[in-house]
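Below you'll find the structure, written out as structure tokens, and then a few comments.
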Amino acid sequence: MQTNNKFKETLERYIGYRGIDIVLHLKNGNIVELDKNRKLEGEFVVGNLEQGQVKINLQEISKADFFAA
């Protein structure tokens, strides 16, 4: 549980930085690159993709990569 809270805190901090690109690796094998208009709503990461808005539960994320843009 503590690991999940630390992950959420870290992700929330980096979501607020617009100069950082975030790539999420999901447990089902999909990879999602978040746009700059991303936000955290409770237990969900919300972002916009070419296909439309995506809402990803934090429990579906296996890891996140952060890149300085």
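The chains in the structure tokens are called A, B, ... from first to last as shown; in each chain the residues are counted from 1, and the ligands are counted from 1 in the order shown.
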Give me the residues within 10 Å of range 29-41 of chain A as an MDAnalysis selection string, counting only C-alpha atoms and dropping any in the same chain fewer than 4 places off. chainID A and resid 8 11:25 45:50 53:58 61:65
From range 4-55 of chain A, collect each residue whose DSSP state is strand (DSSP E) and return the set as an NGL selection string. :A and (20-26 or 31-34 or 39-41 or 44-49 or 52-55)
Report as a ChimeraX atom specification: the residues of chain A with a DSSP assignment of helix (DSSP H, G or I), based on the backbone of this structure. /A:2-15,58-60
Expected file contents, prior selection, C-alpha atoms, as a short mmCIF file (atom, residue, chain, number, x, y, z; two decimals), in the first residue's frame:
data_model
loop_
_atom_site.label_atom_id
_atom_site.label_comp_id
_atom_site.auth_asym_id
_atom_site.auth_seq_id
_atom_site.Cartn_x
_atom_site.Cartn_y
_atom_site.Cartn_z
CA GLN A 2 2.81 2.41 0.86
CA THR A 3 4.46 1.75 -2.52
CA ASN A 4 1.20 2.63 -4.30
CA ASN A 5 0.93 5.90 -2.36
CA LYS A 6 4.53 6.83 -3.16
CA PHE A 7 3.96 6.04 -6.86
CA LYS A 8 0.80 8.17 -6.89
CA GLU A 9 2.59 11.07 -5.15
CA THR A 10 5.49 10.91 -7.60
CA LEU A 11 3.21 10.66 -10.62
CA GLU A 12 1.07 13.55 -9.37
CA ARG A 13 4.17 15.74 -8.95
CA TYR A 14 5.45 15.02 -12.47
CA ILE A 15 2.02 15.39 -14.09
CA LEU A 58 -3.54 3.77 -11.39
CA GLN A 59 -3.90 0.03 -10.70
CA GLU A 60 -3.47 -0.65 -14.45
#
